[in-house]
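Coordinates as given in structure-v7.txt (compact mmCIF, C-alpha atoms):
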```txt
# COMPACT_ATOMS: atom_id res chain seq x y z
CA MET A 1 83.51 250.71 33.67
CA SER A 2 83.72 251.05 29.90
CA LYS A 3 80.80 249.94 27.78
CA PRO A 4 81.15 246.72 25.77
CA ALA A 5 81.82 247.04 22.05
CA ASP A 6 78.25 246.07 21.24
CA ALA A 7 76.70 248.59 23.66
CA PRO A 8 74.56 250.22 20.92
CA PHE A 9 72.80 246.88 20.56
CA ALA A 10 72.28 246.30 24.30
CA ASP A 11 69.00 248.27 24.22
CA PRO A 12 68.05 248.17 20.54
CA ALA A 13 64.57 249.64 20.89
CA SER A 14 65.90 252.73 22.67
CA THR A 15 68.83 253.04 20.26
CA TRP A 16 66.67 252.90 17.15
CA ASN A 17 63.89 255.07 18.56
CA GLN A 18 66.55 257.72 19.16
CA ARG A 19 68.05 257.30 15.69
CA PHE A 20 64.63 257.57 14.05
CA GLY A 21 63.61 260.53 16.21
CA ALA A 22 64.51 263.29 13.75
CA GLU A 23 61.91 264.68 11.35
CA GLN A 24 63.82 263.53 8.27
CA TYR A 25 64.01 259.87 7.32
CA LEU A 26 67.35 258.44 8.42
CA PHE A 27 67.71 256.15 5.40
CA GLY A 28 65.56 258.22 3.06
CA THR A 29 62.19 257.30 1.58
CA ALA A 30 63.37 255.64 -1.64
CA PRO A 31 63.74 251.84 -1.70
CA ASN A 32 67.04 250.06 -1.40
CA GLU A 33 68.68 249.73 -4.83
CA TRP A 34 69.35 245.98 -4.56
CA LEU A 35 65.66 245.44 -3.81
CA ARG A 36 64.64 247.71 -6.67
CA GLU A 37 66.91 245.85 -9.11
CA HIS A 38 65.28 242.53 -8.23
CA ALA A 39 61.67 243.67 -7.90
CA ALA A 40 60.74 241.95 -11.17
CA LEU A 41 60.95 238.66 -9.26
CA LEU A 42 57.93 239.78 -7.20
CA ARG A 43 54.47 239.80 -8.74
CA PRO A 44 51.48 241.98 -7.83
CA GLY A 45 49.46 240.19 -5.19
CA ASP A 46 52.44 238.35 -3.72
CA ARG A 47 52.56 238.36 0.06
CA VAL A 48 55.83 239.88 1.25
CA LEU A 49 57.46 240.32 4.65
CA CYS A 50 59.87 243.21 5.19
CA VAL A 51 62.16 242.40 8.12
CA ALA A 52 63.16 245.24 10.47
CA ASP A 53 61.98 247.79 7.91
CA GLY A 54 62.58 250.85 10.07
CA GLU A 55 60.83 253.92 8.68
CA GLY A 56 59.15 251.96 5.90
CA ARG A 57 61.01 252.90 2.75
CA ASN A 58 61.04 249.37 1.34
CA SER A 59 57.65 248.13 2.51
CA VAL A 60 55.85 251.24 1.28
CA TRP A 61 57.53 251.02 -2.11
CA LEU A 62 56.61 247.34 -2.47
CA ALA A 63 53.00 248.05 -1.49
CA GLY A 64 52.94 250.70 -4.21
CA ARG A 65 53.83 247.97 -6.70
CA GLY A 66 50.72 246.02 -5.78
CA LEU A 67 52.16 243.57 -3.27
CA ALA A 68 50.50 242.58 0.01
CA VAL A 69 53.11 243.69 2.53
CA ASP A 70 53.68 242.94 6.19
CA ALA A 71 56.51 244.81 7.90
CA PHE A 72 57.90 245.04 11.41
CA ASP A 73 60.54 246.90 13.35
CA ILE A 74 61.54 247.06 17.00
CA ALA A 75 61.37 250.88 17.05
CA ALA A 76 57.90 252.34 17.60
CA VAL A 77 59.16 255.75 16.42
CA GLY A 78 60.32 254.23 13.13
CA VAL A 79 57.05 252.38 12.61
CA ALA A 80 55.06 255.57 13.25
CA LYS A 81 57.07 257.29 10.52
CA ALA A 82 56.52 254.29 8.26
CA ARG A 83 52.77 254.60 8.75
CA ARG A 84 52.95 258.29 7.86
CA LEU A 85 54.92 257.47 4.71
CA ALA A 86 52.36 254.85 3.69
CA ALA A 87 49.55 257.36 4.20
CA ILE A 88 51.36 259.96 2.10
CA GLN A 89 51.91 257.41 -0.66
CA GLY A 90 48.32 256.17 -0.42
CA VAL A 91 49.21 252.53 0.19
CA THR A 92 48.39 249.93 2.81
CA VAL A 93 51.05 248.04 4.76
CA ASN A 94 50.41 245.83 7.78
CA PHE A 95 52.94 247.34 10.20
CA ALA A 96 53.85 245.94 13.61
CA VAL A 97 56.22 246.96 16.38
CA LEU A 98 58.11 243.75 17.09
CA ASP A 99 61.49 242.42 18.04
CA ALA A 100 62.71 239.86 15.49
CA ASP A 101 62.63 237.13 18.10
CA ALA A 102 59.04 238.04 19.02
CA CYS A 103 57.78 237.97 15.43
CA PRO A 104 55.40 234.99 14.99
CA TRP A 105 57.13 233.81 11.78
CA PRO A 106 54.20 231.75 10.48
CA PRO A 107 55.47 228.78 8.46
CA ALA A 108 55.34 228.79 4.65
CA VAL A 109 53.10 231.83 4.15
CA TYR A 110 55.23 234.42 2.32
CA ASP A 111 55.95 234.56 -1.38
CA ALA A 112 58.96 236.76 -0.59
CA VAL A 113 60.98 238.16 2.28
CA ALA A 114 63.02 241.36 2.06
CA ALA A 115 65.90 241.49 4.56
CA ILE A 116 67.78 244.71 3.85
CA PHE A 117 70.64 245.69 6.18
CA VAL A 118 69.33 243.64 9.11
CA GLN A 119 72.76 243.71 10.70
CA PHE A 120 71.65 244.58 14.21
CA ALA A 121 71.77 240.82 14.87
CA ASP A 122 74.75 239.26 16.61
CA PRO A 123 75.75 235.75 15.44
CA ALA A 124 73.36 233.92 17.78
CA MET A 125 70.40 236.13 16.94
CA ARG A 126 71.32 236.07 13.26
CA GLU A 127 71.18 232.28 13.25
CA ARG A 128 67.66 232.40 14.67
CA LEU A 129 66.63 235.18 12.31
CA PHE A 130 67.87 233.43 9.19
CA ALA A 131 66.24 230.14 10.24
CA ASN A 132 62.93 231.95 10.74
CA ILE A 133 63.20 233.63 7.34
CA ILE A 134 63.63 230.23 5.70
CA LYS A 135 60.70 228.81 7.69
CA THR A 136 58.28 231.60 6.78
CA LEU A 137 58.91 231.40 3.00
CA LYS A 138 56.57 229.31 0.89
CA PRO A 139 58.14 226.61 -1.27
CA GLY A 140 59.31 228.58 -4.30
CA GLY A 141 59.34 231.79 -2.25
CA THR A 142 62.10 234.35 -2.78
CA LEU A 143 64.49 235.98 -0.33
CA VAL A 144 66.04 239.32 -1.29
CA LEU A 145 68.83 240.21 1.13
CA GLN A 146 71.52 242.86 1.30
CA GLY A 147 74.17 243.66 3.87
CA TYR A 148 77.65 244.98 4.43
CA THR A 149 80.85 242.93 4.27
CA PRO A 150 83.75 243.27 6.75
CA LYS A 151 85.49 245.67 4.36
CA GLN A 152 82.78 248.17 5.28
CA LEU A 153 84.72 248.79 8.49
CA GLU A 154 87.27 250.64 6.33
CA TYR A 155 84.62 252.88 4.73
CA ARG A 156 82.45 253.55 7.80
CA THR A 157 79.65 254.92 5.64
CA GLY A 158 76.92 252.93 7.39
CA GLY A 159 76.28 249.72 9.23
CA PRO A 160 77.48 248.38 12.58
CA PRO A 161 81.11 248.83 13.69
CA LEU A 162 81.31 245.13 14.60
CA VAL A 163 82.80 242.55 12.26
CA SER A 164 80.70 239.84 13.91
CA HIS A 165 77.54 241.50 12.55
CA LEU A 166 78.77 241.69 8.95
CA TYR A 167 78.32 239.20 6.09
CA THR A 168 80.61 237.10 3.95
CA GLU A 169 79.69 234.90 1.02
CA ALA A 170 80.68 231.82 3.00
CA LEU A 171 78.47 232.84 5.92
CA LEU A 172 75.42 233.31 3.69
CA ARG A 173 76.01 230.10 1.73
CA SER A 174 76.16 228.17 4.99
CA ALA A 175 73.19 229.91 6.63
CA PHE A 176 70.97 229.51 3.58
CA ALA A 177 72.15 226.09 2.43
CA ALA A 178 68.52 224.94 2.44
CA LEU A 179 67.70 227.51 -0.26
CA GLN A 180 68.62 227.64 -3.92
CA ILE A 181 70.94 230.63 -4.27
CA VAL A 182 70.01 232.43 -7.46
CA GLU A 183 72.51 235.28 -7.11
CA LEU A 184 75.19 236.08 -4.56
CA ARG A 185 77.35 239.08 -5.34
CA GLU A 186 80.00 240.94 -3.37
CA TYR A 187 80.62 244.40 -4.76
CA GLU A 188 81.31 248.03 -3.96
CA ALA A 189 79.13 250.99 -4.81
CA GLU A 190 78.40 254.57 -3.94
CA ILE A 191 75.10 254.60 -2.12
CA ALA A 192 72.94 257.47 -0.92
CA GLU A 193 70.20 256.26 1.40
CA GLY A 194 69.48 259.29 3.52
CA THR A 195 72.23 260.22 5.95
CA GLY A 196 72.41 256.73 7.43
CA HIS A 197 73.97 255.02 4.41
CA LYS A 198 76.00 257.48 2.38
CA GLY A 199 79.20 257.02 0.40
CA ARG A 200 81.45 254.25 -0.86
CA SER A 201 80.23 250.96 0.57
CA ALA A 202 81.28 247.31 0.65
CA LEU A 203 78.13 245.34 -0.09
CA LEU A 204 76.87 241.80 -0.43
CA GLY A 205 73.59 241.06 -2.19
CA MET A 206 71.77 237.76 -2.36
CA VAL A 207 68.67 236.39 -4.01
CA ALA A 208 67.63 232.88 -3.01
CA ARG A 209 64.59 230.68 -3.45
CA ARG A 210 63.09 228.12 -1.10
CA ARG A 211 63.14 224.70 -2.68
```
Kindly transcribe the structure held in the file into structure tokens.
Amino acid sequence: MSKPADAPFADPASTWNQRFGAEQYLFGTAPNEWLREHAALLRPGDRVLCVADGEGRNSVWLAGRGLAVDAFDIAAVGVAKARRLAAIQGVTVNFAVLDADACPWPPAVYDAVAAIFVQFADPAMRERLFANIIKTLKPGGTLVLQGYTPKQLEYRTGGPPLVSHLYTEALLRSAFAALQIVELREYEAEIAEGTGHKGRSALLGMVARRR
């Protein structure tokens, strides 16, 4: 029997532990460029949650800017590498090994949430994930999000091979209708985030604020 199209996501912990198993960092150790471009919206001391942060490139960078950072990922191997990166950089991040559905998502506690390429989620899980992100932001809190659009299937330079996991402007406007969308931009760029994201890419970036 052939595997279903979403087989890589059937056992996500095993899949990502295997992907993060090499010595090098799959997506590099530098922060995502969309996050870097919008970091001025985040102030030292802000409490930030990094969703499914993998090997820690974004959470460690934010902690280095003086933010109080919580981060989680389903892959224990990735989180172990994230802890090593934090130690090398001399910063503190509160890391946890968690599935997104198992995260406690405390209501209205975070000044910001970073959700960078969290496209492991199928539509049903994505609906839950996005609702939890909204819930956990404080009033006035900021969401910084980036993902791939369906055109990424032509480039195949990163991201899932499933159109159902990809983002459109309409999808994000609907999912985050409760937020004030500050910026929503569909664009293409050459990115170099380790070997995992490398080359011409079809991207969608959003910044939104909880009312």
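Candidate residues A:Pro161, A:Gly205, A:Gly141, A:Gly147 were compared for distance to Leu49 of chain A, and the nearest is A:Gly141, using all atoms listed in the file.
Nearest to Val118 of chain A of all the residues A:Val144, A:Ala52, A:Ala68, A:Ile88 is A:Ala52, counting all atoms listed in the file.
Once all atoms listed in the file are considered, the residues situated within 10 Å of the file point (56.1, 257.5, 1.2) turn out to be Gly28, Thr29, Ala30, Pro31, Glu55, Gly56, Arg57, Asn58, Ser59, Val60, Trp61, Gly64, Lys81, Ala82, Arg83, Arg84, Leu85, Ala86, Ala87, Ile88, Gln89, Gly90 and Val91 of chain A.
Using only C-alpha atoms, the residues found no farther than 7 Å from Leu129 of chain A, other than those of its own chain fewer than 4 positions away, are Ala100, Met125 and Ile133 of chain A.
The closest residue to Asn132 of chain A, picked from A:Ala175, A:Arg209, A:Glu169, A:Gln146 and counting all atoms listed in the file, is A:Ala175.
Minimum atom-to-atom distance to Tyr148 of chain A, evaluated using all atoms listed in the file, belongs to A:Glu188 out of A:Glu188, A:Asp99, A:Asp53, A:Glu37.
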Excluding Arg210 of chain A and any residue of its chain fewer than 3 positions from it, enumerate the residues within 6 Å of it, using only C-alpha atoms, and give them as a PyMOL selection string.
chain A and resi 139-141+179
Please produce a file of those selected residues containing C-alpha atoms, as an mmCIF file, in the coordinates of the input.
```cif
data_model
loop_
_atom_site.group_PDB
_atom_site.id
_atom_site.type_symbol
_atom_site.label_atom_id
_atom_site.label_comp_id
_atom_site.auth_asym_id
_atom_site.auth_seq_id
_atom_site.Cartn_x
_atom_site.Cartn_y
_atom_site.Cartn_z
ATOM 1 C CA PRO A 139 58.140 226.610 -1.270
ATOM 2 C CA GLY A 140 59.310 228.580 -4.300
ATOM 3 C CA GLY A 141 59.340 231.790 -2.250
ATOM 4 C CA LEU A 179 67.700 227.510 -0.260
#
```
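Candidate residues A:Ala189, A:Val77, A:Lys138, A:Asp70 were compared for distance to Ser14 of chain A, and the nearest is A:Val77, using all atoms listed in the file.
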Pick from A:Trp34, A:Gly196, A:Val48, A:Gly54, whichever lies nearest to Val79 of chain A using only C-alpha atoms
A:Gly54
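Interatomic distance, atom CA of Gly194 of chain A against atom CA of Val51 of chain A: 19.0 Å.
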Interatomic distance between atom CA of Glu190 of chain A and atom CA of Gly66 of chain A?
29.0 Å
Provide the atom CA of Thr157 of chain A to atom CA of Ala208 of chain A distance in Å, to one decimal place.
26.6 Å
List the neighbours of Asp122 of chain A out to 8 Å using only C-alpha atoms; skip same-chain residues closer than 4 positions along the sequence, and give me the result as an MDAnalysis selection string.
chainID A and resid 126 164:165
Regenerate segment 125-139 of chain A at the level of N, CA, C and O atoms and dump it as a JSON list (two decimals), in the frame of the given file.
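After the write, rebuild08.json holds the following:
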```json
[["chain", "number", "residue", "atom", "x", "y", "z"],
["A", 125, "MET", "N", 71.69, 235.64, 17.39],
["A", 125, "MET", "CA", 70.40, 236.13, 16.94],
["A", 125, "MET", "C", 70.26, 235.97, 15.43],
["A", 125, "MET", "O", 69.18, 235.63, 14.92],
["A", 126, "ARG", "N", 71.35, 236.20, 14.71],
["A", 126, "ARG", "CA", 71.32, 236.07, 13.26],
["A", 126, "ARG", "C", 70.97, 234.64, 12.85],
["A", 126, "ARG", "O", 70.21, 234.42, 11.90],
["A", 127, "GLU", "N", 71.50, 233.67, 13.57],
["A", 127, "GLU", "CA", 71.18, 232.28, 13.25],
["A", 127, "GLU", "C", 69.68, 232.02, 13.41],
["A", 127, "GLU", "O", 69.06, 231.37, 12.56],
["A", 128, "ARG", "N", 69.10, 232.54, 14.49],
["A", 128, "ARG", "CA", 67.66, 232.40, 14.67],
["A", 128, "ARG", "C", 66.88, 233.14, 13.60],
["A", 128, "ARG", "O", 65.89, 232.63, 13.05],
["A", 129, "LEU", "N", 67.32, 234.35, 13.30],
["A", 129, "LEU", "CA", 66.63, 235.18, 12.31],
["A", 129, "LEU", "C", 66.63, 234.52, 10.94],
["A", 129, "LEU", "O", 65.59, 234.42, 10.28],
["A", 130, "PHE", "N", 67.79, 234.05, 10.51],
["A", 130, "PHE", "CA", 67.87, 233.43, 9.19],
["A", 130, "PHE", "C", 67.05, 232.15, 9.13],
["A", 130, "PHE", "O", 66.40, 231.86, 8.12],
["A", 131, "ALA", "N", 67.06, 231.36, 10.21],
["A", 131, "ALA", "CA", 66.24, 230.14, 10.24],
["A", 131, "ALA", "C", 64.75, 230.48, 10.14],
["A", 131, "ALA", "O", 63.98, 229.78, 9.45],
["A", 132, "ASN", "N", 64.34, 231.54, 10.80],
["A", 132, "ASN", "CA", 62.93, 231.95, 10.74],
["A", 132, "ASN", "C", 62.56, 232.47, 9.37],
["A", 132, "ASN", "O", 61.43, 232.24, 8.90],
["A", 133, "ILE", "N", 63.46, 233.17, 8.71],
["A", 133, "ILE", "CA", 63.20, 233.63, 7.34],
["A", 133, "ILE", "C", 62.97, 232.43, 6.43],
["A", 133, "ILE", "O", 62.02, 232.42, 5.63],
["A", 134, "ILE", "N", 63.81, 231.43, 6.53],
["A", 134, "ILE", "CA", 63.63, 230.23, 5.70],
["A", 134, "ILE", "C", 62.28, 229.59, 6.00],
["A", 134, "ILE", "O", 61.53, 229.21, 5.09],
["A", 135, "LYS", "N", 61.95, 229.48, 7.28],
["A", 135, "LYS", "CA", 60.70, 228.81, 7.69],
["A", 135, "LYS", "C", 59.47, 229.52, 7.15],
["A", 135, "LYS", "O", 58.50, 228.87, 6.73],
["A", 136, "THR", "N", 59.49, 230.85, 7.13],
["A", 136, "THR", "CA", 58.28, 231.60, 6.78],
["A", 136, "THR", "C", 58.06, 231.71, 5.28],
["A", 136, "THR", "O", 56.96, 232.08, 4.84],
["A", 137, "LEU", "N", 59.07, 231.40, 4.46],
["A", 137, "LEU", "CA", 58.91, 231.40, 3.00],
["A", 137, "LEU", "C", 58.09, 230.19, 2.54],
["A", 137, "LEU", "O", 58.28, 229.08, 3.03],
["A", 138, "LYS", "N", 57.23, 230.42, 1.56],
["A", 138, "LYS", "CA", 56.57, 229.31, 0.89],
["A", 138, "LYS", "C", 57.58, 228.54, 0.05],
["A", 138, "LYS", "O", 58.60, 229.10, -0.38],
["A", 139, "PRO", "N", 57.33, 227.28, -0.25],
["A", 139, "PRO", "CA", 58.14, 226.61, -1.27],
["A", 139, "PRO", "C", 58.09, 227.42, -2.57],
["A", 139, "PRO", "O", 57.00, 227.83, -3.01]]
```
